[in-house]
$ cat query34.cif   # mmCIF, C-alpha atoms
data_protein
loop_
_atom_site.label_atom_id
_atom_site.label_comp_id
_atom_site.auth_asym_id
_atom_site.auth_seq_id
_atom_site.Cartn_x
_atom_site.Cartn_y
_atom_site.Cartn_z
CA PHE A 272 -15.80 -12.12 0.90
CA ALA A 273 -12.74 -14.06 1.75
CA LEU A 274 -14.15 -15.79 4.81
CA VAL A 275 -17.36 -17.12 6.26
CA LEU A 276 -17.45 -18.74 9.68
CA GLY A 277 -17.65 -22.41 8.74
CA THR A 278 -20.11 -23.52 11.37
CA VAL A 279 -22.27 -20.50 10.71
CA SER A 280 -22.59 -21.18 7.01
CA CYS A 281 -23.49 -24.84 7.55
CA THR A 282 -26.25 -24.11 10.02
CA LEU A 283 -27.48 -21.14 8.02
CA PHE A 284 -28.02 -23.10 4.83
CA LEU A 285 -29.95 -25.74 6.71
CA ALA A 286 -32.30 -23.01 7.85
CA VAL A 287 -32.35 -20.83 4.74
CA ASN A 288 -32.33 -22.55 1.37
CA GLY A 289 -31.44 -20.80 -1.87
CA LEU A 290 -34.06 -18.35 -3.05
CA TYR A 291 -34.72 -20.25 -6.30
CA SER A 292 -35.68 -23.83 -7.11
CA ALA A 293 -35.62 -26.07 -10.18
CA SER A 294 -39.29 -25.28 -10.84
CA ASP A 295 -38.51 -21.59 -11.45
CA ASP A 296 -37.53 -20.14 -14.82
CA VAL A 297 -34.48 -18.63 -13.10
CA ILE A 298 -31.41 -20.74 -13.91
CA GLU A 299 -29.26 -21.53 -10.84
CA LEU A 300 -25.60 -20.82 -11.66
CA THR A 301 -22.55 -22.18 -9.84
CA PRO A 302 -18.78 -22.22 -10.43
CA THR A 303 -19.30 -25.63 -12.08
CA ASN A 304 -21.74 -24.51 -14.78
CA PHE A 305 -21.17 -20.72 -15.06
CA ASN A 306 -18.55 -20.85 -17.81
CA ARG A 307 -20.54 -23.36 -19.88
CA GLU A 308 -23.95 -21.72 -19.43
CA VAL A 309 -23.02 -18.02 -19.54
CA ILE A 310 -19.52 -17.30 -20.87
CA GLN A 311 -19.66 -19.76 -23.77
CA SER A 312 -23.26 -18.86 -24.62
CA GLU A 313 -24.32 -16.67 -27.52
CA SER A 314 -27.42 -15.62 -25.58
CA LEU A 315 -27.85 -12.43 -23.60
CA TRP A 316 -27.81 -13.17 -19.86
CA LEU A 317 -29.09 -11.27 -16.83
CA VAL A 318 -27.44 -12.67 -13.70
CA GLU A 319 -28.33 -11.81 -10.10
CA PHE A 320 -25.66 -12.37 -7.43
CA TYR A 321 -27.52 -12.81 -4.13
CA ALA A 322 -27.25 -14.02 -0.55
CA PRO A 323 -30.13 -16.00 1.01
CA TRP A 324 -30.05 -13.93 4.22
CA CYS A 325 -30.20 -10.58 2.37
CA GLY A 326 -33.55 -8.81 2.83
CA HIS A 327 -33.25 -6.85 -0.45
CA CYS A 328 -32.60 -10.13 -2.29
CA GLN A 329 -35.64 -11.75 -0.71
CA ARG A 330 -37.80 -8.82 -1.84
CA LEU A 331 -36.35 -9.00 -5.36
CA THR A 332 -36.97 -12.77 -5.72
CA PRO A 333 -40.65 -12.70 -6.89
CA GLU A 334 -39.88 -9.88 -9.36
CA TRP A 335 -36.83 -11.72 -10.68
CA LYS A 336 -38.91 -14.89 -11.17
CA LYS A 337 -41.63 -12.94 -13.03
CA ALA A 338 -39.02 -11.34 -15.29
CA ALA A 339 -37.46 -14.76 -16.00
CA THR A 340 -40.83 -16.20 -16.99
CA ALA A 341 -41.62 -13.22 -19.24
CA LEU A 342 -38.20 -13.41 -20.94
CA LYS A 343 -38.18 -17.20 -21.33
CA GLY A 344 -36.83 -18.16 -24.76
CA VAL A 345 -35.72 -14.56 -25.38
CA VAL A 346 -33.16 -13.68 -22.71
CA LYS A 347 -31.55 -16.02 -20.19
CA VAL A 348 -32.10 -15.09 -16.53
CA GLY A 349 -29.85 -16.64 -13.90
CA ALA A 350 -28.94 -16.36 -10.22
CA VAL A 351 -25.78 -17.08 -8.23
CA ASP A 352 -25.81 -17.72 -4.49
CA ALA A 353 -22.70 -15.56 -3.97
CA ASP A 354 -22.66 -16.22 -0.24
CA LYS A 355 -22.19 -19.92 -0.95
CA HIS A 356 -20.03 -19.39 -4.05
CA GLN A 357 -17.87 -16.48 -2.91
CA SER A 358 -15.16 -17.14 -5.49
CA LEU A 359 -17.64 -16.55 -8.30
CA GLY A 360 -18.93 -13.35 -6.71
CA GLY A 361 -15.38 -12.15 -6.11
CA GLN A 362 -14.45 -12.84 -9.73
CA TYR A 363 -17.05 -10.31 -10.84
CA GLY A 364 -16.32 -7.75 -8.12
CA VAL A 365 -19.55 -8.35 -6.19
CA ARG A 366 -19.43 -6.34 -2.96
CA GLY A 367 -23.07 -6.07 -1.98
CA PHE A 368 -26.35 -7.89 -2.53
CA PRO A 369 -28.18 -8.11 -4.77
CA THR A 370 -25.80 -7.24 -7.64
CA ILE A 371 -27.18 -7.68 -11.17
CA LYS A 372 -24.91 -8.00 -14.19
CA ILE A 373 -25.73 -8.08 -17.91
CA PHE A 374 -23.61 -10.45 -20.00
CA GLY A 375 -24.00 -9.32 -23.60
CA ALA A 376 -21.95 -9.87 -26.75
CA ASN A 377 -18.63 -9.56 -24.94
CA LYS A 378 -18.99 -11.96 -22.03
CA ASN A 379 -15.63 -10.82 -20.62
CA LYS A 380 -17.01 -7.34 -19.98
CA ALA A 381 -20.26 -7.65 -18.06
CA GLU A 382 -22.26 -4.47 -17.46
CA ASP A 383 -23.76 -3.47 -14.13
CA TYR A 384 -27.55 -3.20 -14.09
CA GLN A 385 -28.54 0.01 -12.31
CA GLY A 386 -32.27 0.04 -13.03
CA GLY A 387 -35.35 -0.52 -10.89
CA ARG A 388 -36.10 -3.70 -8.96
CA THR A 389 -39.51 -4.41 -10.52
CA SER A 390 -40.11 -7.11 -13.13
CA GLU A 391 -41.17 -4.43 -15.65
CA ALA A 392 -37.93 -2.46 -15.23
CA ILE A 393 -35.84 -5.63 -15.47
CA VAL A 394 -37.62 -6.75 -18.66
CA ASP A 395 -37.25 -3.29 -20.23
CA ALA A 396 -33.50 -3.29 -19.52
CA ALA A 397 -33.13 -6.81 -20.93
CA LEU A 398 -34.93 -5.91 -24.17
CA SER A 399 -32.88 -2.73 -24.52
CA ALA A 400 -29.65 -4.69 -24.09
CA LEU A 401 -30.93 -7.31 -26.54
CA ARG A 402 -31.69 -4.63 -29.13
CA SER A 403 -28.13 -3.28 -28.81
CA LEU A 404 -26.68 -6.78 -29.21
CA VAL A 405 -28.70 -7.44 -32.37
CA LYS A 406 -27.72 -4.06 -33.85
CA GLU A 407 -24.05 -4.86 -33.21
CA ARG A 408 -24.43 -8.14 -35.06
CA LEU A 409 -26.24 -6.39 -37.92
CA SER A 410 -23.38 -3.90 -38.29
CA GLY A 411 -20.82 -6.70 -38.28
CA ARG A 412 -19.42 -5.94 -34.83
CA SER A 413 -19.32 -8.81 -32.35
CA GLY A 414 -19.00 -6.55 -29.32
CA GLY A 415 -15.72 -8.26 -28.40
CA TYR A 416 -12.14 -7.10 -28.77
CA SER A 417 -10.33 -7.33 -32.08
CA SER A 418 -6.69 -8.32 -31.84
CA GLY A 419 -3.59 -6.31 -32.45
CA LYS A 420 -2.18 -2.90 -31.66
CA GLN A 421 -5.13 -0.87 -32.90
CA SER A 422 -7.61 -2.27 -30.37
CA ARG A 423 -5.10 -1.85 -27.52
CA GLU A 424 -4.79 1.83 -28.31
CA SER A 425 -8.55 2.26 -28.38
CA GLY A 426 -8.89 0.14 -25.26
CA GLY A 427 -12.05 -1.47 -26.63
CA GLY A 428 -14.01 1.60 -25.48
CA ASP A 429 -13.84 5.26 -24.53
CA LYS A 430 -12.15 4.65 -21.18
CA LYS A 431 -8.83 2.85 -21.40
CA ASP A 432 -8.03 0.71 -18.36
CA VAL A 433 -5.00 -1.06 -19.85
CA ILE A 434 -2.27 1.58 -19.91
CA GLU A 435 -0.15 1.52 -23.07
CA LEU A 436 3.53 2.13 -22.23
CA THR A 437 6.49 3.01 -24.44
CA ASP A 438 10.27 3.38 -24.16
CA ASP A 439 9.71 7.08 -23.45
CA SER A 440 6.89 6.82 -20.90
CA PHE A 441 7.83 3.66 -18.99
CA ASP A 442 10.29 4.99 -16.40
CA LYS A 443 8.34 8.05 -15.27
CA ASN A 444 5.08 6.08 -15.03
CA VAL A 445 6.25 2.77 -13.57
CA LEU A 446 9.65 3.09 -11.89
CA ASN A 447 8.81 6.35 -10.10
CA SER A 448 5.37 5.15 -8.96
CA ASP A 449 4.21 4.15 -5.48
CA ASP A 450 1.59 1.93 -7.13
CA VAL A 451 2.03 -1.71 -8.17
CA TRP A 452 2.26 -2.32 -11.92
CA MET A 453 1.54 -5.55 -13.82
CA VAL A 454 3.00 -5.09 -17.29
CA GLU A 455 2.35 -7.36 -20.28
CA PHE A 456 5.01 -7.36 -23.01
CA TYR A 457 3.31 -8.47 -26.22
CA ALA A 458 3.74 -8.74 -29.99
CA PRO A 459 0.79 -7.88 -32.26
CA TRP A 460 1.30 -11.05 -34.35
CA CYS A 461 1.41 -13.38 -31.31
CA GLY A 462 -1.58 -15.75 -31.05
CA HIS A 463 -1.21 -16.23 -27.28
CA CYS A 464 -1.19 -12.44 -26.86
CA LYS A 465 -4.42 -12.16 -28.84
CA ASN A 466 -6.01 -14.79 -26.59
CA LEU A 467 -4.83 -12.95 -23.47
CA GLU A 468 -5.98 -9.52 -24.64
CA PRO A 469 -9.68 -9.67 -23.65
CA GLU A 470 -8.79 -11.31 -20.30
CA TRP A 471 -6.15 -8.65 -19.59
CA ALA A 472 -8.53 -5.81 -20.55
CA ALA A 473 -11.40 -7.16 -18.44
CA ALA A 474 -9.08 -7.76 -15.48
CA ALA A 475 -7.72 -4.20 -15.78
CA THR A 476 -11.20 -2.76 -15.28
CA GLU A 477 -11.97 -4.92 -12.26
CA VAL A 478 -8.55 -4.37 -10.66
CA LYS A 479 -8.75 -0.62 -11.15
CA GLU A 480 -12.10 -0.56 -9.35
CA GLN A 481 -11.25 -2.96 -6.54
CA THR A 482 -7.85 -1.45 -5.70
CA LYS A 483 -8.88 2.17 -6.37
CA GLY A 484 -6.11 2.42 -8.95
CA LYS A 485 -3.36 1.22 -6.60
CA VAL A 486 -2.62 -1.75 -8.87
CA LYS A 487 -2.33 -0.90 -12.56
CA LEU A 488 -2.37 -3.19 -15.58
CA ALA A 489 -0.31 -2.05 -18.56
CA ALA A 490 0.91 -3.29 -21.93
CA VAL A 491 4.10 -2.76 -23.98
CA ASP A 492 4.41 -3.59 -27.67
CA ALA A 493 7.84 -5.20 -27.42
CA THR A 494 8.32 -5.21 -31.20
CA VAL A 495 8.23 -1.40 -31.22
CA ASN A 496 9.74 -0.64 -27.79
CA GLN A 497 12.84 -2.75 -28.14
CA MET A 498 14.84 -0.85 -25.52
CA LEU A 499 12.42 -2.02 -22.82
CA ALA A 500 12.30 -5.54 -24.25
CA THR A 501 16.10 -5.73 -24.11
CA ARG A 502 16.36 -4.19 -20.62
CA TYR A 503 13.98 -6.77 -19.13
CA GLY A 504 15.19 -9.73 -21.17
CA ILE A 505 11.92 -10.39 -22.98
CA ARG A 506 12.38 -13.52 -25.08
CA GLY A 507 8.83 -14.80 -25.52
CA PHE A 508 5.31 -13.40 -25.77
CA PRO A 509 3.34 -12.62 -23.81
CA THR A 510 5.64 -12.03 -20.85
CA ILE A 511 4.11 -10.42 -17.75
CA LYS A 512 6.26 -8.71 -15.12
CA ILE A 513 5.36 -7.17 -11.76
CA PHE A 514 6.96 -3.87 -10.76
CA GLN A 515 6.94 -2.62 -7.15
CA LYS A 516 8.87 0.35 -5.83
CA GLY A 517 12.16 -0.64 -4.23
CA GLU A 518 12.06 -4.21 -5.57
CA ASP A 519 13.45 -5.98 -8.61
CA PRO A 520 10.88 -6.81 -11.31
CA ALA A 521 9.26 -10.21 -10.72
CA ASP A 522 7.84 -12.61 -13.29
CA TYR A 523 4.11 -13.29 -13.18
CA GLU A 524 3.70 -17.05 -13.44
CA GLY A 525 -0.03 -17.39 -12.77
CA GLY A 526 -2.89 -18.35 -15.03
CA ARG A 527 -4.01 -16.32 -18.02
CA THR A 528 -7.70 -16.00 -17.19
CA ARG A 529 -9.29 -12.85 -15.88
CA SER A 530 -9.96 -14.44 -12.47
CA ASP A 531 -6.31 -15.58 -12.16
CA ILE A 532 -5.01 -12.12 -12.99
CA ILE A 533 -7.46 -10.39 -10.63
CA ALA A 534 -6.58 -12.77 -7.78
CA ARG A 535 -2.86 -12.02 -8.15
CA ALA A 536 -3.50 -8.29 -8.38
CA LEU A 537 -5.58 -8.32 -5.19
CA ASP A 538 -2.83 -10.26 -3.40
CA LEU A 539 -0.32 -7.63 -4.47
CA PHE A 540 -2.70 -4.91 -3.29
CA SER A 541 -3.19 -6.44 0.16
CA ASP A 542 0.56 -7.12 0.51
CA ASN A 543 1.21 -3.41 0.01
CA ALA A 544 -1.79 -2.09 1.93
CA PRO A 545 -1.30 -0.70 5.43
CA PRO A 546 -2.76 -2.77 8.28
CA PRO A 547 -6.36 -1.91 9.18
CA GLU A 548 -7.05 0.74 11.78
CA LEU A 549 -7.55 -0.37 15.37
CA LEU A 550 -10.48 1.73 16.63
CA GLU A 551 -11.87 2.26 20.11
CA ILE A 552 -15.65 1.76 20.35
CA VAL A 553 -16.64 5.25 21.46
CA SER A 554 -20.02 5.32 19.70
CA GLU A 555 -22.54 3.16 17.85
CA ASP A 556 -21.33 4.61 14.55
CA VAL A 557 -17.79 3.26 15.06
CA LEU A 558 -19.09 -0.25 15.76
CA LYS A 559 -21.67 -0.40 12.98
CA THR A 560 -19.50 1.22 10.30
CA THR A 561 -16.62 -1.13 10.98
CA CYS A 562 -18.62 -4.34 11.37
CA ASP A 563 -20.97 -3.66 8.43
CA ALA A 564 -18.06 -2.95 6.09
CA HIS A 565 -16.07 -6.12 6.83
CA GLN A 566 -16.72 -9.85 6.66
CA LEU A 567 -15.57 -10.14 10.28
CA CYS A 568 -14.88 -7.59 12.98
CA ILE A 569 -12.48 -8.57 15.75
CA ILE A 570 -13.58 -6.99 19.04
CA SER A 571 -11.34 -6.99 22.12
CA VAL A 572 -12.46 -6.02 25.63
CA LEU A 573 -9.40 -4.86 27.58
CA PRO A 574 -9.10 -4.58 31.36
CA HIS A 575 -9.99 -1.30 33.06
CA ILE A 576 -7.20 1.27 32.88
CA LEU A 577 -6.84 1.19 36.69
CA ASP A 578 -5.99 -2.51 36.45
CA THR A 579 -3.26 -2.20 33.81
CA GLY A 580 -2.11 1.41 33.54
CA ALA A 581 -1.11 2.87 30.17
CA SER A 582 1.85 0.54 29.64
CA GLY A 583 -0.24 -2.59 30.23
CA ARG A 584 -3.00 -1.40 27.92
CA ASN A 585 -0.53 -0.46 25.20
CA SER A 586 1.01 -3.94 25.35
CA TYR A 587 -2.43 -5.44 24.63
CA LEU A 588 -3.02 -2.95 21.79
CA ASP A 589 0.40 -3.82 20.33
CA VAL A 590 -0.58 -7.50 20.22
CA MET A 591 -3.78 -6.59 18.36
CA LEU A 592 -1.88 -4.38 15.90
CA LYS A 593 0.55 -7.20 15.14
CA MET A 594 -2.34 -9.57 14.47
CA ALA A 595 -4.09 -6.96 12.31
CA GLU A 596 -0.91 -6.72 10.23
CA LYS A 597 -0.56 -10.52 10.01
CA TYR A 598 -4.16 -10.99 8.85
CA LYS A 599 -4.55 -7.81 6.78
CA LYS A 600 -5.23 -9.82 3.61
CA LYS A 601 -8.49 -10.91 5.20
CA MET A 602 -9.57 -7.25 5.32
CA TRP A 603 -11.25 -7.63 8.71
CA GLY A 604 -12.23 -4.76 11.01
CA TRP A 605 -10.48 -4.33 14.38
CA LEU A 606 -12.09 -2.74 17.46
CA TRP A 607 -11.51 -2.52 21.21
CA THR A 608 -13.28 -1.22 24.29
CA GLU A 609 -12.57 -0.99 28.00
CA ALA A 610 -14.14 -3.46 30.42
CA GLY A 611 -17.47 -2.09 31.64
CA ALA A 612 -17.67 0.73 29.08
CA GLN A 613 -19.99 -1.30 26.83
CA ALA A 614 -21.53 -3.75 29.29
CA ASP A 615 -24.49 -4.62 27.02
CA LEU A 616 -22.14 -5.44 24.14
CA GLU A 617 -20.04 -7.64 26.42
CA SER A 618 -23.14 -9.50 27.55
CA SER A 619 -24.36 -10.05 23.97
CA LEU A 620 -20.98 -11.63 23.14
CA GLY A 621 -20.92 -13.89 26.18
CA ILE A 622 -18.08 -11.99 27.85
CA GLY A 623 -20.09 -10.24 30.53
CA GLY A 624 -18.10 -8.91 33.43
CA PHE A 625 -15.08 -11.18 33.85
CA GLY A 626 -12.09 -12.79 32.15
CA TYR A 627 -10.36 -9.73 30.72
CA PRO A 628 -8.80 -9.27 28.26
CA ALA A 629 -11.30 -11.03 25.98
CA MET A 630 -11.76 -11.23 22.22
CA ALA A 631 -14.70 -12.06 19.93
CA ALA A 632 -14.84 -12.39 16.14
CA VAL A 633 -18.23 -11.21 14.90
CA ASN A 634 -19.93 -11.81 11.55
CA ALA A 635 -22.36 -8.87 11.59
CA ARG A 636 -24.32 -10.05 8.55
CA LYS A 637 -25.26 -13.30 10.22
CA MET A 638 -25.03 -11.95 13.78
CA LYS A 639 -22.85 -14.85 14.87
CA PHE A 640 -19.66 -14.73 16.92
CA ALA A 641 -16.78 -16.88 18.08
CA LEU A 642 -14.88 -16.35 21.33
CA LEU A 643 -11.14 -16.56 21.96
CA LYS A 644 -10.72 -19.49 24.37
CA GLY A 645 -6.91 -19.42 24.56
CA SER A 646 -4.53 -16.79 25.87
CA PHE A 647 -4.67 -13.14 24.80
CA SER A 648 -1.20 -13.36 23.26
CA GLU A 649 0.24 -13.42 19.75
CA GLN A 650 0.28 -17.21 19.82
CA GLY A 651 -3.20 -17.60 21.35
CA ILE A 652 -4.85 -15.06 19.05
CA ASN A 653 -3.04 -16.41 15.99
CA GLU A 654 -4.36 -19.92 16.67
CA PHE A 655 -7.88 -18.52 17.18
CA LEU A 656 -7.86 -16.52 13.93
CA ARG A 657 -6.21 -19.31 11.95
CA GLU A 658 -9.02 -21.67 12.98
CA LEU A 659 -11.60 -19.13 11.84
CA SER A 660 -9.75 -18.69 8.53
CA VAL A 661 -10.27 -22.33 7.66
CA GLY A 662 -13.88 -22.43 8.83
CA ARG A 663 -13.34 -24.13 12.16
CA GLY A 664 -14.25 -23.07 15.68
CA SER A 665 -17.54 -22.98 17.56
CA THR A 666 -19.91 -20.08 16.99
CA ALA A 667 -23.00 -18.74 18.72
CA PRO A 668 -25.70 -16.18 17.88
CA VAL A 669 -25.19 -12.63 19.15
CA GLY A 670 -27.47 -12.15 22.16
CA GLY A 671 -30.75 -10.58 21.06
CA GLY A 672 -29.95 -11.16 17.39
CA ALA A 673 -28.54 -7.65 16.94
CA PHE A 674 -25.96 -5.35 18.42
CA PRO A 675 -27.23 -3.73 21.63
CA LYS A 676 -27.28 -0.02 22.35
CA ILE A 677 -23.74 1.38 22.38
CA ASN A 678 -22.77 4.02 24.92
CA VAL A 679 -21.04 7.20 23.81
CA VAL A 680 -17.77 7.38 25.75
CA GLU A 681 -14.74 9.63 25.79
CA PRO A 682 -11.82 8.09 23.88
CA TRP A 683 -8.87 6.96 25.95
CA ASP A 684 -6.35 9.80 26.38
CA GLY A 685 -3.37 7.45 26.47
CA LYS A 686 -2.66 8.12 30.14
CA ASP A 687 -2.76 6.06 33.31
CA GLY A 688 -6.14 6.12 34.98
CA GLU A 689 -6.85 8.10 38.14
CA LEU A 690 -9.06 7.14 41.02
CA PRO A 691 -12.07 9.44 41.36
CA VAL A 692 -11.39 12.30 43.76
CA GLU A 693 -13.57 12.18 46.88
CA ASP A 694 -15.16 15.45 48.00
CA ASP A 695 -13.41 16.98 51.03
CA ILE A 696 -15.74 17.60 53.98
CA ASP A 697 -15.29 21.00 55.59
CA LEU A 698 -15.75 20.61 59.36
CA SER A 699 -14.67 24.15 60.29
CA ASP A 700 -18.22 25.38 60.93
CA VAL A 701 -19.30 22.38 62.99
CA ASP A 702 -19.33 22.88 66.80
CA LEU A 703 -18.32 19.43 67.93
CA ASP A 704 -18.93 20.25 71.62
CA ASP A 705 -22.57 21.23 70.93
CA TRP A 706 -23.03 18.13 68.72
CA ASP A 707 -21.80 15.87 71.56
CA LYS A 708 -24.18 17.52 74.07
CA ASP A 709 -27.16 17.07 71.76
CA GLU A 710 -26.34 13.42 71.27
CA LEU A 711 -26.10 12.95 75.00
#
$ encode --input "query34.cif" --output "structure tokens"
Amino acid sequence: FALVLGTVSCTLFLAVNGLYSASDDVIELTPTNFNREVIQSESLWLVEFYAPWCGHCQRLTPEWKKAATALKGVVKVGAVDADKHQSLGGQYGVRGFPTIKIFGANKNKAEDYQGGRTSEAIVDAALSALRSLVKERLSGRSGGYSSGKQSRESGGGDKKDVIELTDDSFDKNVLNSDDVWMVEFYAPWCGHCKNLEPEWAAAATEVKEQTKGKVKLAAVDATVNQMLATRYGIRGFPTIKIFQKGEDPADYEGGRTRSDIIARALDLFSDNAPPPELLEIVSEDVLKTTCDAHQLCIISVLPHILDTGASGRNSYLDVMLKMAEKYKKKMWGWLWTEAGAQADLESSLGIGGFGYPAMAAVNARKMKFALLKGSFSEQGINEFLRELSVGRGSTAPVGGGAFPKINVVEPWDGKDGELPVEDDIDLSDVDLDDWDKDEL
């Protein structure tokens, strides 16, 4: 969700307004009011993260409105345009639309709603969650995290996402690991540590999911594990350090909110991630899988192998690989095809039969694309992608409004191309003398 083509988003929102209006009982939420309305509220909230262009969201809209009206005064029902407010969607790990989250007693640990998409199912889930919240209050539990060592060991639930480390376990877990570790050194009596605890715990869950466990959040009670505290010069609490294999520990100097911690963790993850694969478009599956899974897919059309040979083609592929590495934090997809192999695709992207090599950046969700106008070089491509990164550059709709039929082709074998062999004509059985007489 890191990038939307700027021109695309502007024109899109002129054509497609948000799915909810002020006259609905659904409360529109934005980064400006989300903390005040939801996080600081004592009410139970159901929040839908949607995109106006999403067909499933459009079908959910009347049911969501009916549920909001039925729950009015009982449970708050809100909606976030997560295409417009990508930072808010990213903060809560929203990857697809619609995503529905339940914000109960502990607003720092929202639950995913996995139920049906009818108003009845939504209302039932809301009332069930409300019953649980009231029971927690009746039993004296707030549903949040208590402070101190005891709650850290329990992890606030059955599954512990903040890893508790000790003098004995630290080296084998952290220093010998290929993963990235963010380690908080705390003291149970420290007020700032108590304030950080729910943010750290909530961030640990999100980071574990979004990085598939490649970035880990941990905690060390520095009053008990004094060997570690001395080794790393811990003088104040909380102190957060970042450990990466082969590098000296680095101080974390970012903010102390969940979103700040998650953002830093995802940066660390992308810094250490390999560059994306560069795939040849040999079938429709390759194109659709790559473009559907990424905000943008970068498609290059390279000259025919007979025009460049293997060395020329590899030089173009090397340029693309370097750019994929440079922009890997964007998590875009990277594809290429040979001129003429996917003629319909070329035509739909305004390339169509000339000017190779060519490059297009495609937003498959909106079916919009931008074309490289400069040179197919590191400098030319870098300028093109940098413009896209900041929302500049002209865009156009993909011809036909959808990807065309993709031909199944044999993948390139890495060799120079060969001209097709012409059939030899055997003239041994032809009597040329007789043929000349007949003609005469």
$ closest_residue --input "query34.cif" --among "A:Gly688, A:Gly517, A:Pro545, A:Gly604" --to "A:Thr561" --atoms "only C-alpha atoms"
A:Gly604
$ resolve_selection --input "query34.cif" --expression "the PyMOL selection byres ((chain A and resi 640-656) around 8)" --output "PyMOL selection string"
chain A and resi 590+593-594+620+628-634+638-639+657-660+664-669
$ closest_residue --input "query34.cif" --among "A:Val445, A:Ala612, A:Asp438, A:Leu404" --to "A:Thr501" --atoms "only C-alpha atoms"
A:Asp438
$ residues_around --input "query34.cif" --residues "A:Glu319" --least-positions-apart "4" --cutoff "6 Å" --atoms "all atoms listed in the file" --output "number ranges by chain"
A: 350, 370-371
$ residues_around --input "query34.cif" --residues "stretch 401-403 of chain A" --least-positions-apart "3" --cutoff "12 Å" --atoms "all atoms listed in the file" --output "PyMOL selection string"
chain A and resi 313-317+342+345-347+373-376+394-398+406-410+412-414
$ atom_distance --input "query34.cif" --atom1 "atom CA of A:Ala595" --atom2 "atom CA of A:Gln566"
14.1 Å
$ residues_around --input "query34.cif" --residues "A:Pro520" --least-positions-apart "5" --cutoff "12 Å" --atoms "only C-alpha atoms" --output "list in words"
Val445, Leu446, Val451, Trp452, Met453, Val454, Arg502, Tyr503, Gly504, Ile511, Lys512, Ile513, Phe514 and Gln515 of chain A
$ resolve_selection --input "query34.cif" --expression "the PyMOL selection byres ((chain A and resi 567) around 9)" --output "list in words"
Leu274, Val275, Leu276, Cys562, Asp563, Ala564, His565, Gln566, Cys568, Ile569, Lys601, Met602, Trp603, Gly604, Trp605, Ala632, Val633, Asn634, Ala635 and Arg636 of chain A
$ resolve_selection --input "query34.cif" --expression "the PyMOL selection byres ((chain A and resi 613) around 12)" --output "NGL selection string"
:A and (551-555 or 558 or 570-573 or 575 or 607-612 or 614-620 or 622-624 or 674-680)
$ atom_distance --input "query34.cif" --atom1 "atom CA of A:Ala338" --atom2 "atom CA of A:Gly386"
13.4 Å
$ build_atoms --input "query34.cif" --residues "stretch 588-599 of chain A" --atoms "N, CA and C atoms" --output "short mmCIF file (atom, residue, chain, number, x, y, z; two decimals), in the coordinates of the input"
data_model
loop_
_atom_site.label_atom_id
_atom_site.label_comp_id
_atom_site.auth_asym_id
_atom_site.auth_seq_id
_atom_site.Cartn_x
_atom_site.Cartn_y
_atom_site.Cartn_z
N LEU A 588 -2.74 -3.56 23.10
CA LEU A 588 -3.02 -2.95 21.79
C LEU A 588 -1.95 -3.33 20.79
N ASP A 589 -0.69 -3.43 21.23
CA ASP A 589 0.40 -3.82 20.33
C ASP A 589 0.18 -5.23 19.79
N VAL A 590 -0.30 -6.13 20.67
CA VAL A 590 -0.58 -7.50 20.22
C VAL A 590 -1.67 -7.47 19.13
N MET A 591 -2.71 -6.68 19.35
CA MET A 591 -3.78 -6.59 18.36
C MET A 591 -3.27 -6.01 17.04
N LEU A 592 -2.43 -4.98 17.12
CA LEU A 592 -1.88 -4.38 15.90
C LEU A 592 -1.04 -5.37 15.12
N LYS A 593 -0.26 -6.18 15.82
CA LYS A 593 0.55 -7.20 15.14
C LYS A 593 -0.34 -8.22 14.43
N MET A 594 -1.42 -8.61 15.09
CA MET A 594 -2.34 -9.57 14.47
C MET A 594 -3.10 -8.94 13.30
N ALA A 595 -3.43 -7.66 13.42
CA ALA A 595 -4.09 -6.96 12.31
C ALA A 595 -3.18 -6.92 11.09
N GLU A 596 -1.90 -6.71 11.32
CA GLU A 596 -0.91 -6.72 10.23
C GLU A 596 -0.80 -8.12 9.63
N LYS A 597 -0.74 -9.13 10.48
CA LYS A 597 -0.56 -10.52 10.01
C LYS A 597 -1.75 -10.97 9.16
N TYR A 598 -2.95 -10.54 9.55
CA TYR A 598 -4.16 -10.99 8.85
C TYR A 598 -4.78 -9.90 7.98
N LYS A 599 -3.96 -8.94 7.52
CA LYS A 599 -4.55 -7.81 6.78
C LYS A 599 -5.14 -8.23 5.43
#
